[in-house]
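Q: What follows is start.tsv; its format and atoms are TSV, N, CA and C atoms.
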chain	number	residue	atom	x	y	z
Q	1	MET	N	46.51	61.21	21.01
Q	1	MET	CA	45.83	60.32	21.90
Q	1	MET	C	44.31	60.43	21.73
Q	2	SER	N	43.87	61.59	21.41
Q	2	SER	CA	42.44	61.76	21.24
Q	2	SER	C	41.95	60.96	20.03
Q	3	LYS	N	42.78	60.78	19.00
Q	3	LYS	CA	42.37	59.95	17.85
Q	3	LYS	C	42.17	58.50	18.29
Q	4	HIS	N	43.08	58.01	19.10
Q	4	HIS	CA	42.97	56.61	19.56
Q	4	HIS	C	41.76	56.44	20.47
Q	5	LEU	N	41.52	57.42	21.29
Q	5	LEU	CA	40.36	57.37	22.18
Q	5	LEU	C	39.07	57.43	21.38
Q	6	LEU	N	39.03	58.28	20.36
Q	6	LEU	CA	37.86	58.39	19.50
Q	6	LEU	C	37.61	57.09	18.75
Q	7	ARG	N	38.65	56.46	18.24
Q	7	ARG	CA	38.50	55.17	17.54
Q	7	ARG	C	38.02	54.09	18.50
Q	8	ALA	N	38.55	54.07	19.68
Q	8	ALA	CA	38.14	53.05	20.66
Q	8	ALA	C	36.66	53.21	21.03
Q	9	VAL	N	36.24	54.46	21.23
Q	9	VAL	CA	34.84	54.71	21.55
Q	9	VAL	C	33.96	54.31	20.38
Q	10	MET	N	34.39	54.59	19.16
Q	10	MET	CA	33.61	54.25	17.98
Q	10	MET	C	33.51	52.72	17.82
Q	11	VAL	N	34.58	52.01	18.01
Q	11	VAL	CA	34.57	50.55	17.89
Q	11	VAL	C	33.67	49.96	18.96
Q	12	LEU	N	33.77	50.45	20.19
Q	12	LEU	CA	32.91	49.95	21.27
Q	12	LEU	C	31.44	50.26	21.00
Q	13	SER	N	31.16	51.43	20.43
Q	13	SER	CA	29.78	51.79	20.10
Q	13	SER	C	29.21	50.87	19.04
Q	14	ILE	N	29.98	50.59	18.02
Q	14	ILE	CA	29.54	49.69	16.95
Q	14	ILE	C	29.32	48.29	17.51
Q	15	ALA	N	30.22	47.83	18.37
Q	15	ALA	CA	30.07	46.50	18.97
Q	15	ALA	C	28.82	46.45	19.84
Q	16	ALA	N	28.56	47.51	20.60
Q	16	ALA	CA	27.38	47.54	21.46
Q	16	ALA	C	26.11	47.48	20.62
Q	17	VAL	N	26.07	48.22	19.53
Q	17	VAL	CA	24.90	48.21	18.65
Q	17	VAL	C	24.73	46.82	18.03
Q	18	ALA	N	25.82	46.22	17.61
Q	18	ALA	CA	25.75	44.89	17.00
Q	18	ALA	C	25.23	43.86	18.00
Q	19	PHE	N	25.73	43.89	19.24
Q	19	PHE	CA	25.26	42.95	20.26
Q	19	PHE	C	23.81	43.21	20.65
Q	20	THR	N	23.39	44.45	20.57
Q	20	THR	CA	22.00	44.78	20.90
Q	20	THR	C	21.04	44.10	19.93
Q	21	PHE	N	21.39	44.06	18.65
Q	21	PHE	CA	20.51	43.46	17.66
Q	21	PHE	C	20.63	41.93	17.61
Q	22	THR	N	21.77	41.39	17.97
Q	22	THR	CA	21.94	39.93	17.90
Q	22	THR	C	21.47	39.23	19.16
Q	23	ALA	N	21.35	39.89	20.28
Q	23	ALA	CA	20.93	39.25	21.53
Q	23	ALA	C	19.53	38.65	21.41
Q	24	PRO	N	18.54	39.39	20.87
Q	24	PRO	CA	17.21	38.77	20.74
Q	24	PRO	C	17.21	37.58	19.78
Q	25	VAL	N	18.02	37.64	18.75
Q	25	VAL	CA	18.09	36.53	17.80
Q	25	VAL	C	18.64	35.30	18.49
Q	26	ARG	N	19.66	35.46	19.28
Q	26	ARG	CA	20.23	34.33	20.00
Q	26	ARG	C	19.23	33.76	21.00
Q	27	ALA	N	18.47	34.60	21.64
Q	27	ALA	CA	17.48	34.13	22.60
Q	27	ALA	C	16.43	33.28	21.90
Q	28	GLN	N	16.05	33.65	20.68
Q	28	GLN	CA	15.05	32.88	19.96
Q	28	GLN	C	15.62	31.55	19.49
Q	29	ASP	N	16.91	31.53	19.14
Q	29	ASP	CA	17.53	30.29	18.69
Q	29	ASP	C	17.72	29.32	19.84
Q	30	GLY	N	17.71	29.79	21.05
Q	30	GLY	CA	17.99	28.94	22.21
Q	30	GLY	C	16.80	28.14	22.68
Q	31	THR	N	15.73	28.08	21.90
Q	31	THR	CA	14.57	27.30	22.33
Q	31	THR	C	14.92	25.83	22.34
Q	32	THR	N	14.28	25.10	23.24
Q	32	THR	CA	14.55	23.67	23.32
Q	32	THR	C	13.81	22.97	22.19
Q	33	PRO	N	14.46	22.00	21.58
Q	33	PRO	CA	13.80	21.28	20.49
Q	33	PRO	C	12.67	20.41	21.03
Q	34	ALA	N	11.70	20.17	20.18
Q	34	ALA	CA	10.57	19.31	20.56
Q	34	ALA	C	11.08	17.90	20.79
Q	35	PRO	N	10.51	17.19	21.77
Q	35	PRO	CA	10.97	15.83	22.02
Q	35	PRO	C	10.69	14.94	20.82
Q	36	ALA	N	11.59	13.99	20.60
Q	36	ALA	CA	11.44	13.07	19.46
Q	36	ALA	C	10.18	12.24	19.65
Q	37	GLN	N	9.42	12.12	18.59
Q	37	GLN	CA	8.19	11.34	18.66
Q	37	GLN	C	8.52	9.87	18.54
Q	38	THR	N	7.96	9.08	19.45
Q	38	THR	CA	8.17	7.65	19.36
Q	38	THR	C	7.17	7.09	18.37
Q	39	PRO	N	7.60	6.17	17.53
Q	39	PRO	CA	6.67	5.61	16.56
Q	39	PRO	C	5.56	4.84	17.28
Q	40	PRO	N	4.36	4.85	16.74
Q	40	PRO	CA	3.27	4.13	17.40
Q	40	PRO	C	3.54	2.63	17.38
Q	41	LYS	N	3.09	1.96	18.44
Q	41	LYS	CA	3.27	0.52	18.51
Q	41	LYS	C	2.38	-0.14	17.47
Q	42	PRO	N	2.88	-1.20	16.83
Q	42	PRO	CA	2.05	-1.91	15.86
Q	42	PRO	C	0.83	-2.52	16.56
Q	43	LYS	N	-0.31	-2.48	15.88
Q	43	LYS	CA	-1.55	-3.01	16.42
Q	43	LYS	C	-1.53	-4.54	16.39
Q	44	LYS	N	-1.96	-5.15	17.50
Q	44	LYS	CA	-2.02	-6.61	17.57
Q	44	LYS	C	-3.20	-7.09	16.74
Q	45	GLN	N	-2.96	-8.15	15.97
Q	45	GLN	CA	-3.98	-8.70	15.08
Q	45	GLN	C	-4.03	-10.22	15.26
Q	46	VAL	N	-5.07	-10.83	14.69
Q	46	VAL	CA	-5.25	-12.28	14.77
Q	46	VAL	C	-5.59	-12.81	13.38
Q	47	PHE	N	-5.01	-13.97	13.06
Q	47	PHE	CA	-5.27	-14.63	11.78
Q	47	PHE	C	-5.47	-16.12	12.08
Q	48	THR	N	-6.58	-16.68	11.63
Q	48	THR	CA	-6.87	-18.10	11.87
Q	48	THR	C	-6.93	-18.82	10.54
Q	49	GLY	N	-6.29	-20.00	10.49
Q	49	GLY	CA	-6.30	-20.79	9.27
Q	49	GLY	C	-5.56	-22.09	9.45
Q	50	LEU	N	-5.26	-22.75	8.33
Q	50	LEU	CA	-4.54	-24.02	8.35
Q	50	LEU	C	-3.06	-23.80	8.06
Q	51	VAL	N	-2.21	-24.53	8.77
Q	51	VAL	CA	-0.77	-24.43	8.54
Q	51	VAL	C	-0.47	-25.02	7.17
Q	52	GLU	N	0.11	-24.20	6.30
Q	52	GLU	CA	0.45	-24.65	4.96
Q	52	GLU	C	1.91	-25.11	4.91
Q	53	SER	N	2.79	-24.38	5.60
Q	53	SER	CA	4.19	-24.80	5.67
Q	53	SER	C	4.86	-24.16	6.88
Q	54	ILE	N	5.90	-24.86	7.35
Q	54	ILE	CA	6.71	-24.37	8.48
Q	54	ILE	C	8.17	-24.52	8.08
Q	55	ASP	N	8.92	-23.44	8.22
Q	55	ASP	CA	10.36	-23.49	7.96
Q	55	ASP	C	11.06	-22.86	9.16
Q	56	ALA	N	11.43	-23.72	10.12
Q	56	ALA	CA	12.05	-23.23	11.35
Q	56	ALA	C	13.40	-22.59	11.07
Q	57	LYS	N	14.15	-23.13	10.10
Q	57	LYS	CA	15.46	-22.56	9.79
Q	57	LYS	C	15.34	-21.15	9.22
Q	58	ALA	N	14.38	-20.95	8.33
Q	58	ALA	CA	14.17	-19.63	7.74
Q	58	ALA	C	13.38	-18.73	8.68
Q	59	GLY	N	12.75	-19.33	9.69
Q	59	GLY	CA	11.98	-18.55	10.65
Q	59	GLY	C	10.66	-18.05	10.09
Q	60	THR	N	9.98	-18.91	9.30
Q	60	THR	CA	8.70	-18.50	8.73
Q	60	THR	C	7.67	-19.63	8.85
Q	61	VAL	N	6.42	-19.23	8.89
Q	61	VAL	CA	5.31	-20.17	8.84
Q	61	VAL	C	4.25	-19.53	7.94
Q	62	ILE	N	3.63	-20.36	7.10
Q	62	ILE	CA	2.60	-19.87	6.19
Q	62	ILE	C	1.27	-20.47	6.61
Q	63	ILE	N	0.30	-19.59	6.82
Q	63	ILE	CA	-1.04	-20.00	7.22
Q	63	ILE	C	-2.00	-19.67	6.08
Q	64	LYS	N	-2.86	-20.64	5.73
Q	64	LYS	CA	-3.81	-20.45	4.64
Q	64	LYS	C	-5.22	-20.36	5.20
Q	65	LYS	N	-5.95	-19.36	4.73
Q	65	LYS	CA	-7.36	-19.20	5.10
Q	65	LYS	C	-8.14	-18.98	3.81
Q	66	ASP	N	-9.02	-19.90	3.52
Q	66	ASP	CA	-9.78	-19.87	2.26
Q	66	ASP	C	-8.79	-19.86	1.10
Q	67	THR	N	-8.78	-18.81	0.31
Q	67	THR	CA	-7.86	-18.75	-0.84
Q	67	THR	C	-6.65	-17.87	-0.53
Q	68	ALA	N	-6.64	-17.24	0.63
Q	68	ALA	CA	-5.53	-16.34	0.99
Q	68	ALA	C	-4.51	-17.05	1.87
Q	69	SER	N	-3.25	-16.74	1.66
Q	69	SER	CA	-2.18	-17.25	2.50
Q	69	SER	C	-1.42	-16.06	3.08
Q	70	LYS	N	-0.92	-16.24	4.29
Q	70	LYS	CA	-0.17	-15.17	4.94
Q	70	LYS	C	1.09	-15.77	5.54
Q	71	THR	N	2.23	-15.11	5.29
Q	71	THR	CA	3.51	-15.57	5.82
Q	71	THR	C	3.83	-14.80	7.08
Q	72	PHE	N	4.23	-15.52	8.12
Q	72	PHE	CA	4.57	-14.92	9.40
Q	72	PHE	C	6.03	-15.20	9.73
Q	73	LYS	N	6.67	-14.22	10.28
Q	73	LYS	CA	8.04	-14.38	10.78
Q	73	LYS	C	7.94	-14.92	12.21
Q	74	ILE	N	8.72	-15.96	12.51
Q	74	ILE	CA	8.74	-16.51	13.86
Q	74	ILE	C	10.14	-16.35	14.42
Q	75	GLY	N	10.22	-16.29	15.74
Q	75	GLY	CA	11.54	-16.11	16.36
Q	75	GLY	C	11.60	-16.76	17.72
Q	76	ASP	N	12.64	-16.41	18.46
Q	76	ASP	CA	12.86	-16.99	19.78
Q	76	ASP	C	11.75	-16.62	20.77
Q	77	LYS	N	11.13	-15.47	20.57
Q	77	LYS	CA	10.10	-15.01	21.51
Q	77	LYS	C	8.70	-15.50	21.14
Q	78	THR	N	8.55	-16.16	19.99
Q	78	THR	CA	7.24	-16.67	19.59
Q	78	THR	C	6.85	-17.82	20.51
Q	79	LYS	N	5.61	-17.79	21.00
Q	79	LYS	CA	5.11	-18.85	21.88
Q	79	LYS	C	4.20	-19.76	21.07
Q	80	TYR	N	4.23	-21.06	21.42
Q	80	TYR	CA	3.46	-22.05	20.70
Q	80	TYR	C	2.59	-22.83	21.68
Q	81	ALA	N	1.45	-23.29	21.20
Q	81	ALA	CA	0.57	-24.14	21.99
Q	81	ALA	C	-0.16	-25.08	21.05
Q	82	THR	N	-0.60	-26.21	21.60
Q	82	THR	CA	-1.44	-27.14	20.83
Q	82	THR	C	-2.67	-27.43	21.68
Q	83	ALA	N	-3.57	-28.22	21.14
Q	83	ALA	CA	-4.77	-28.57	21.90
Q	83	ALA	C	-4.39	-29.37	23.15
Q	84	ASP	N	-3.28	-30.10	23.09
Q	84	ASP	CA	-2.85	-30.94	24.21
Q	84	ASP	C	-1.88	-30.23	25.15
Q	85	LYS	N	-1.12	-29.28	24.64
Q	85	LYS	CA	-0.07	-28.63	25.44
Q	85	LYS	C	-0.26	-27.12	25.46
Q	86	LYS	N	-0.24	-26.55	26.67
Q	86	LYS	CA	-0.31	-25.09	26.76
Q	86	LYS	C	1.00	-24.46	26.31
Q	87	GLU	N	2.10	-25.12	26.60
Q	87	GLU	CA	3.42	-24.64	26.16
Q	87	GLU	C	4.03	-25.71	25.27
Q	88	ALA	N	4.10	-25.41	24.00
Q	88	ALA	CA	4.60	-26.37	23.02
Q	88	ALA	C	5.82	-25.78	22.31
Q	89	ALA	N	6.36	-26.55	21.39
Q	89	ALA	CA	7.50	-26.11	20.57
Q	89	ALA	C	7.03	-26.02	19.12
Q	90	ILE	N	7.85	-25.38	18.30
Q	90	ILE	CA	7.51	-25.26	16.88
Q	90	ILE	C	7.36	-26.64	16.24
Q	91	THR	N	8.09	-27.63	16.74
Q	91	THR	CA	8.02	-28.98	16.18
Q	91	THR	C	6.68	-29.66	16.50
Q	92	ASP	N	5.94	-29.13	17.48
Q	92	ASP	CA	4.63	-29.69	17.81
Q	92	ASP	C	3.54	-29.21	16.85
Q	93	ILE	N	3.81	-28.14	16.14
Q	93	ILE	CA	2.85	-27.61	15.15
Q	93	ILE	C	3.08	-28.36	13.84
Q	94	LYS	N	2.03	-28.89	13.27
Q	94	LYS	CA	2.15	-29.70	12.05
Q	94	LYS	C	1.41	-29.06	10.89
Q	95	VAL	N	1.87	-29.36	9.67
Q	95	VAL	CA	1.19	-28.90	8.47
Q	95	VAL	C	-0.22	-29.50	8.48
Q	96	GLY	N	-1.22	-28.66	8.21
Q	96	GLY	CA	-2.60	-29.09	8.21
Q	96	GLY	C	-3.33	-28.76	9.51
Q	97	ASP	N	-2.59	-28.41	10.59
Q	97	ASP	CA	-3.24	-28.03	11.85
Q	97	ASP	C	-3.98	-26.71	11.67
Q	98	LYS	N	-5.13	-26.62	12.31
Q	98	LYS	CA	-5.86	-25.36	12.32
Q	98	LYS	C	-5.32	-24.56	13.52
Q	99	VAL	N	-4.86	-23.33	13.24
Q	99	VAL	CA	-4.24	-22.52	14.29
Q	99	VAL	C	-4.74	-21.08	14.24
Q	100	LYS	N	-4.54	-20.42	15.35
Q	100	LYS	CA	-4.80	-18.99	15.45
Q	100	LYS	C	-3.45	-18.33	15.72
Q	101	VAL	N	-3.13	-17.32	14.93
Q	101	VAL	CA	-1.85	-16.62	15.07
Q	101	VAL	C	-2.11	-15.21	15.59
Q	102	ALA	N	-1.52	-14.89	16.73
Q	102	ALA	CA	-1.56	-13.52	17.24
Q	102	ALA	C	-0.27	-12.86	16.74
Q	103	TYR	N	-0.40	-11.73	16.04
Q	103	TYR	CA	0.77	-11.13	15.40
Q	103	TYR	C	0.65	-9.61	15.35
Q	104	THR	N	1.76	-8.99	15.02
Q	104	THR	CA	1.78	-7.56	14.71
Q	104	THR	C	2.41	-7.40	13.34
Q	105	GLU	N	2.02	-6.33	12.65
Q	105	GLU	CA	2.58	-6.07	11.33
Q	105	GLU	C	3.29	-4.73	11.37
Q	106	ASP	N	4.57	-4.75	11.00
Q	106	ASP	CA	5.38	-3.54	11.02
Q	106	ASP	C	6.18	-3.47	9.72
Q	107	ASN	N	5.98	-2.42	8.97
Q	107	ASN	CA	6.66	-2.24	7.68
Q	107	ASN	C	6.43	-3.42	6.74
Q	108	GLY	N	5.22	-3.94	6.74
Q	108	GLY	CA	4.88	-5.02	5.83
Q	108	GLY	C	5.31	-6.40	6.28
Q	109	VAL	N	5.94	-6.51	7.46
Q	109	VAL	CA	6.39	-7.80	7.97
Q	109	VAL	C	5.48	-8.22	9.12
Q	110	ALA	N	4.83	-9.38	8.96
Q	110	ALA	CA	3.94	-9.91	10.00
Q	110	ALA	C	4.77	-10.79	10.92
Q	111	THR	N	4.87	-10.41	12.19
Q	111	THR	CA	5.65	-11.15	13.17
Q	111	THR	C	4.70	-11.86	14.12
Q	112	ALA	N	4.79	-13.20	14.16
Q	112	ALA	CA	3.93	-14.00	15.03
Q	112	ALA	C	4.45	-13.93	16.46
Q	113	HIS	N	3.53	-13.68	17.40
Q	113	HIS	CA	3.89	-13.67	18.81
Q	113	HIS	C	3.41	-14.94	19.51
Q	114	LYS	N	2.27	-15.47	19.02
Q	114	LYS	CA	1.74	-16.70	19.58
Q	114	LYS	C	1.02	-17.47	18.48
Q	115	ILE	N	1.30	-18.78	18.43
Q	115	ILE	CA	0.63	-19.67	17.49
Q	115	ILE	C	0.04	-20.81	18.31
Q	116	GLY	N	-1.26	-20.99	18.19
Q	116	GLY	CA	-1.90	-22.03	18.98
Q	116	GLY	C	-3.23	-22.42	18.38
Q	117	PRO	N	-3.95	-23.29	19.08
Q	117	PRO	CA	-5.24	-23.74	18.56
Q	117	PRO	C	-6.24	-22.59	18.58
Q	118	PRO	N	-7.18	-22.60	17.64
Q	118	PRO	CA	-8.20	-21.54	17.65
Q	118	PRO	C	-9.10	-21.70	18.87
Q	119	ASP	N	-9.75	-20.60	19.22
Q	119	ASP	CA	-10.67	-20.64	20.35
Q	119	ASP	C	-11.81	-21.61	20.07
Q	120	ALA	N	-12.22	-22.33	21.10
Q	120	ALA	CA	-13.36	-23.24	20.96
Q	120	ALA	C	-14.62	-22.43	20.76
Q	121	PRO	N	-15.54	-22.91	19.91
Q	121	PRO	CA	-16.78	-22.18	19.73
Q	121	PRO	C	-17.56	-22.11	21.04
Q	122	LYS	N	-18.17	-20.96	21.29
Q	122	LYS	CA	-18.93	-20.78	22.52
Q	122	LYS	C	-20.25	-21.54	22.41
Q	123	LYS	N	-20.61	-22.20	23.51
Q	123	LYS	CA	-21.87	-22.94	23.53
Q	123	LYS	C	-23.02	-21.98	23.81
Q	124	THR	N	-24.10	-22.18	23.08
Q	124	THR	CA	-25.30	-21.36	23.32
Q	124	THR	C	-26.33	-22.23	24.04
Q	125	GLU	N	-26.94	-21.68	25.02
Q	125	GLU	CA	-27.91	-22.47	25.79
Q	125	GLU	C	-29.31	-22.05	25.45
Written as structure tokens, how would this file's structure read?
A:
Amino acid sequence: MSKHLLRAVMVLSIAAVAFTFTAPVRAQDGTTPAPAQTPPKPKKQVFTGLVESIDAKAGTVIIKKDTASKTFKIGDKTKYATADKKEAAITDIKVGDKVKVAYTEDNGVATAHKIGPPDAPKKTE
């Protein structure tokens, strides 16, 4: 019986030593992970030029300024205005109209949020 008691004490001693060294390691592993970083919101930008083409089915409009053209993605949330209407439809915007596009660019895709007439020049007195 003393052999069994000696083995039991030895096994318990080894287990106690093992748990003593692993307890601090487990405590360090239990740290809370850093909160997930939210990607920064795309910066709002403005582009003014002439409407070169509109494709409502494809959901794109191309605006030309000088020699540069920029393609914008349009969608259900895009708002439109004309010189005559504060709230217009895409069909009210015509090729050749001078417009100002408020948009954001995310992963190389320019998404139009508002397309309307450019701001009137300020009068100087």
Q: Would you write out, as CSV, a table of all residues in range 47-84 of chain Q that have an atom no more than 10 Å from an atom of range 106-109 of chain Q, listing for each the closest atom pair and the distance in Å to one decimal, considering only C-alpha atoms and ordering rows by chain and rising residue number?
A:
residue,atom,partner,partner_atom,distance
Q:Thr71,CA,Q:Val109,CA,8.6
Q:Phe72,CA,Q:Val109,CA,7.5
Q:Lys73,CA,Q:Val109,CA,7.3
Q: Output N, CA and C atoms of each residue in that selection to a file, as an mmCIF file, in the frame of the given file.
A:
data_model
loop_
_atom_site.group_PDB
_atom_site.id
_atom_site.type_symbol
_atom_site.label_atom_id
_atom_site.label_comp_id
_atom_site.auth_asym_id
_atom_site.auth_seq_id
_atom_site.Cartn_x
_atom_site.Cartn_y
_atom_site.Cartn_z
ATOM 1 N N THR Q 71 2.230 -15.110 5.290
ATOM 2 C CA THR Q 71 3.510 -15.570 5.820
ATOM 3 C C THR Q 71 3.830 -14.800 7.080
ATOM 4 N N PHE Q 72 4.230 -15.520 8.120
ATOM 5 C CA PHE Q 72 4.570 -14.920 9.400
ATOM 6 C C PHE Q 72 6.030 -15.200 9.730
ATOM 7 N N LYS Q 73 6.670 -14.220 10.280
ATOM 8 C CA LYS Q 73 8.040 -14.380 10.780
ATOM 9 C C LYS Q 73 7.940 -14.920 12.210
#
Q: Env of Phe47 in chain Q: 12 Å cut, atoms = only C-alpha atoms, seq-sep filter 4 positions within chain, self excluded. Answer as a list in words.
A: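 Non-adjacent residues within range: Val51, Ile62, Ile63, Lys64, Lys65, Asp66, Ala68, Ser69, Lys70, Thr71, Phe72, Lys98, Val99, Lys100, Val101, Ala102, Tyr103, Thr104, Glu105, Ala110, Thr111, Ala112, His113, Lys114, Ile115, Gly116, Pro117, Pro118 and Asp119 of chain Q.
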Q: Report the distance between atom C of Lys94 in chain Q and atom N of Lys43 in chain Q in Å, rounded to one decimal place.
A: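 Rounded to one decimal, the two atoms are 27.1 Å apart.
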Q: How many Å separate atom N of Ile54 in chain Q from atom N of Lys79 in chain Q?
A: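 Answer for the atom N of Ile54 in chain Q to atom N of Lys79 in chain Q separation: 15.4 Å.
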Q: Just the number, please: distance in Å from CA of Thr38 in chain Q to CA of Gly59 in chain Q, one decimal.
A: 27.9 Å
Q: Apply DSSP to the structure's backbone, then extract all residues of range 4-122 of chain Q labelled strand (DSSP E or B) and return them as a PyMOL selection string.
A: chain Q and resi 44-55+60-65+68-73+79-80+88+98-106+109-116
Q: Grab the residues selected above and save them as a compact mmCIF listing (two decimals), keeping the file's coordinate frame with N, CA and C atoms.
A:
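Result file is part04.txt:
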# COMPACT_ATOMS: atom_id res chain seq x y z
N LYS Q 44 -1.96 -5.15 17.50
CA LYS Q 44 -2.02 -6.61 17.57
C LYS Q 44 -3.20 -7.09 16.74
N GLN Q 45 -2.96 -8.15 15.97
CA GLN Q 45 -3.98 -8.70 15.08
C GLN Q 45 -4.03 -10.22 15.26
N VAL Q 46 -5.07 -10.83 14.69
CA VAL Q 46 -5.25 -12.28 14.77
C VAL Q 46 -5.59 -12.81 13.38
N PHE Q 47 -5.01 -13.97 13.06
CA PHE Q 47 -5.27 -14.63 11.78
C PHE Q 47 -5.47 -16.12 12.08
N THR Q 48 -6.58 -16.68 11.63
CA THR Q 48 -6.87 -18.10 11.87
C THR Q 48 -6.93 -18.82 10.54
N GLY Q 49 -6.29 -20.00 10.49
CA GLY Q 49 -6.30 -20.79 9.27
C GLY Q 49 -5.56 -22.09 9.45
N LEU Q 50 -5.26 -22.75 8.33
CA LEU Q 50 -4.54 -24.02 8.35
C LEU Q 50 -3.06 -23.80 8.06
N VAL Q 51 -2.21 -24.53 8.77
CA VAL Q 51 -0.77 -24.43 8.54
C VAL Q 51 -0.47 -25.02 7.17
N GLU Q 52 0.11 -24.20 6.30
CA GLU Q 52 0.45 -24.65 4.96
C GLU Q 52 1.91 -25.11 4.91
N SER Q 53 2.79 -24.38 5.60
CA SER Q 53 4.19 -24.80 5.67
C SER Q 53 4.86 -24.16 6.88
N ILE Q 54 5.90 -24.86 7.35
CA ILE Q 54 6.71 -24.37 8.48
C ILE Q 54 8.17 -24.52 8.08
N ASP Q 55 8.92 -23.44 8.22
CA ASP Q 55 10.36 -23.49 7.96
C ASP Q 55 11.06 -22.86 9.16
N THR Q 60 9.98 -18.91 9.30
CA THR Q 60 8.70 -18.50 8.73
C THR Q 60 7.67 -19.63 8.85
N VAL Q 61 6.42 -19.23 8.89
CA VAL Q 61 5.31 -20.17 8.84
C VAL Q 61 4.25 -19.53 7.94
N ILE Q 62 3.63 -20.36 7.10
CA ILE Q 62 2.60 -19.87 6.19
C ILE Q 62 1.27 -20.47 6.61
N ILE Q 63 0.30 -19.59 6.82
CA ILE Q 63 -1.04 -20.00 7.22
C ILE Q 63 -2.00 -19.67 6.08
N LYS Q 64 -2.86 -20.64 5.73
CA LYS Q 64 -3.81 -20.45 4.64
C LYS Q 64 -5.22 -20.36 5.20
N LYS Q 65 -5.95 -19.36 4.73
CA LYS Q 65 -7.36 -19.20 5.10
C LYS Q 65 -8.14 -18.98 3.81
N ALA Q 68 -6.64 -17.24 0.63
CA ALA Q 68 -5.53 -16.34 0.99
C ALA Q 68 -4.51 -17.05 1.87
N SER Q 69 -3.25 -16.74 1.66
CA SER Q 69 -2.18 -17.25 2.50
C SER Q 69 -1.42 -16.06 3.08
N LYS Q 70 -0.92 -16.24 4.29
CA LYS Q 70 -0.17 -15.17 4.94
C LYS Q 70 1.09 -15.77 5.54
N THR Q 71 2.23 -15.11 5.29
CA THR Q 71 3.51 -15.57 5.82
C THR Q 71 3.83 -14.80 7.08
N PHE Q 72 4.23 -15.52 8.12
CA PHE Q 72 4.57 -14.92 9.40
C PHE Q 72 6.03 -15.20 9.73
N LYS Q 73 6.67 -14.22 10.28
CA LYS Q 73 8.04 -14.38 10.78
C LYS Q 73 7.94 -14.92 12.21
N LYS Q 79 5.61 -17.79 21.00
CA LYS Q 79 5.11 -18.85 21.88
C LYS Q 79 4.20 -19.76 21.07
N TYR Q 80 4.23 -21.06 21.42
CA TYR Q 80 3.46 -22.05 20.70
C TYR Q 80 2.59 -22.83 21.68
N ALA Q 88 4.10 -25.41 24.00
CA ALA Q 88 4.60 -26.37 23.02
C ALA Q 88 5.82 -25.78 22.31
N LYS Q 98 -5.13 -26.62 12.31
CA LYS Q 98 -5.86 -25.36 12.32
C LYS Q 98 -5.32 -24.56 13.52
N VAL Q 99 -4.86 -23.33 13.24
CA VAL Q 99 -4.24 -22.52 14.29
C VAL Q 99 -4.74 -21.08 14.24
N LYS Q 100 -4.54 -20.42 15.35
CA LYS Q 100 -4.80 -18.99 15.45
C LYS Q 100 -3.45 -18.33 15.72
N VAL Q 101 -3.13 -17.32 14.93
CA VAL Q 101 -1.85 -16.62 15.07
C VAL Q 101 -2.11 -15.21 15.59
N ALA Q 102 -1.52 -14.89 16.73
CA ALA Q 102 -1.56 -13.52 17.24
C ALA Q 102 -0.27 -12.86 16.74
N TYR Q 103 -0.40 -11.73 16.04
CA TYR Q 103 0.77 -11.13 15.40
C TYR Q 103 0.65 -9.61 15.35
N THR Q 104 1.76 -8.99 15.02
CA THR Q 104 1.78 -7.56 14.71
C THR Q 104 2.41 -7.40 13.34
N GLU Q 105 2.02 -6.33 12.65
CA GLU Q 105 2.58 -6.07 11.33
C GLU Q 105 3.29 -4.73 11.37
N ASP Q 106 4.57 -4.75 11.00
CA ASP Q 106 5.38 -3.54 11.02
C ASP Q 106 6.18 -3.47 9.72
N VAL Q 109 5.94 -6.51 7.46
CA VAL Q 109 6.39 -7.80 7.97
C VAL Q 109 5.48 -8.22 9.12
N ALA Q 110 4.83 -9.38 8.96
CA ALA Q 110 3.94 -9.91 10.00
C ALA Q 110 4.77 -10.79 10.92
N THR Q 111 4.87 -10.41 12.19
CA THR Q 111 5.65 -11.15 13.17
C THR Q 111 4.70 -11.86 14.12
N ALA Q 112 4.79 -13.20 14.16
CA ALA Q 112 3.93 -14.00 15.03
C ALA Q 112 4.45 -13.93 16.46
N HIS Q 113 3.53 -13.68 17.40
CA HIS Q 113 3.89 -13.67 18.81
C HIS Q 113 3.41 -14.94 19.51
N LYS Q 114 2.27 -15.47 19.02
CA LYS Q 114 1.74 -16.70 19.58
C LYS Q 114 1.02 -17.47 18.48
N ILE Q 115 1.30 -18.78 18.43
CA ILE Q 115 0.63 -19.67 17.49
C ILE Q 115 0.04 -20.81 18.31
N GLY Q 116 -1.26 -20.99 18.19
CA GLY Q 116 -1.90 -22.03 18.98
C GLY Q 116 -3.23 -22.42 18.38
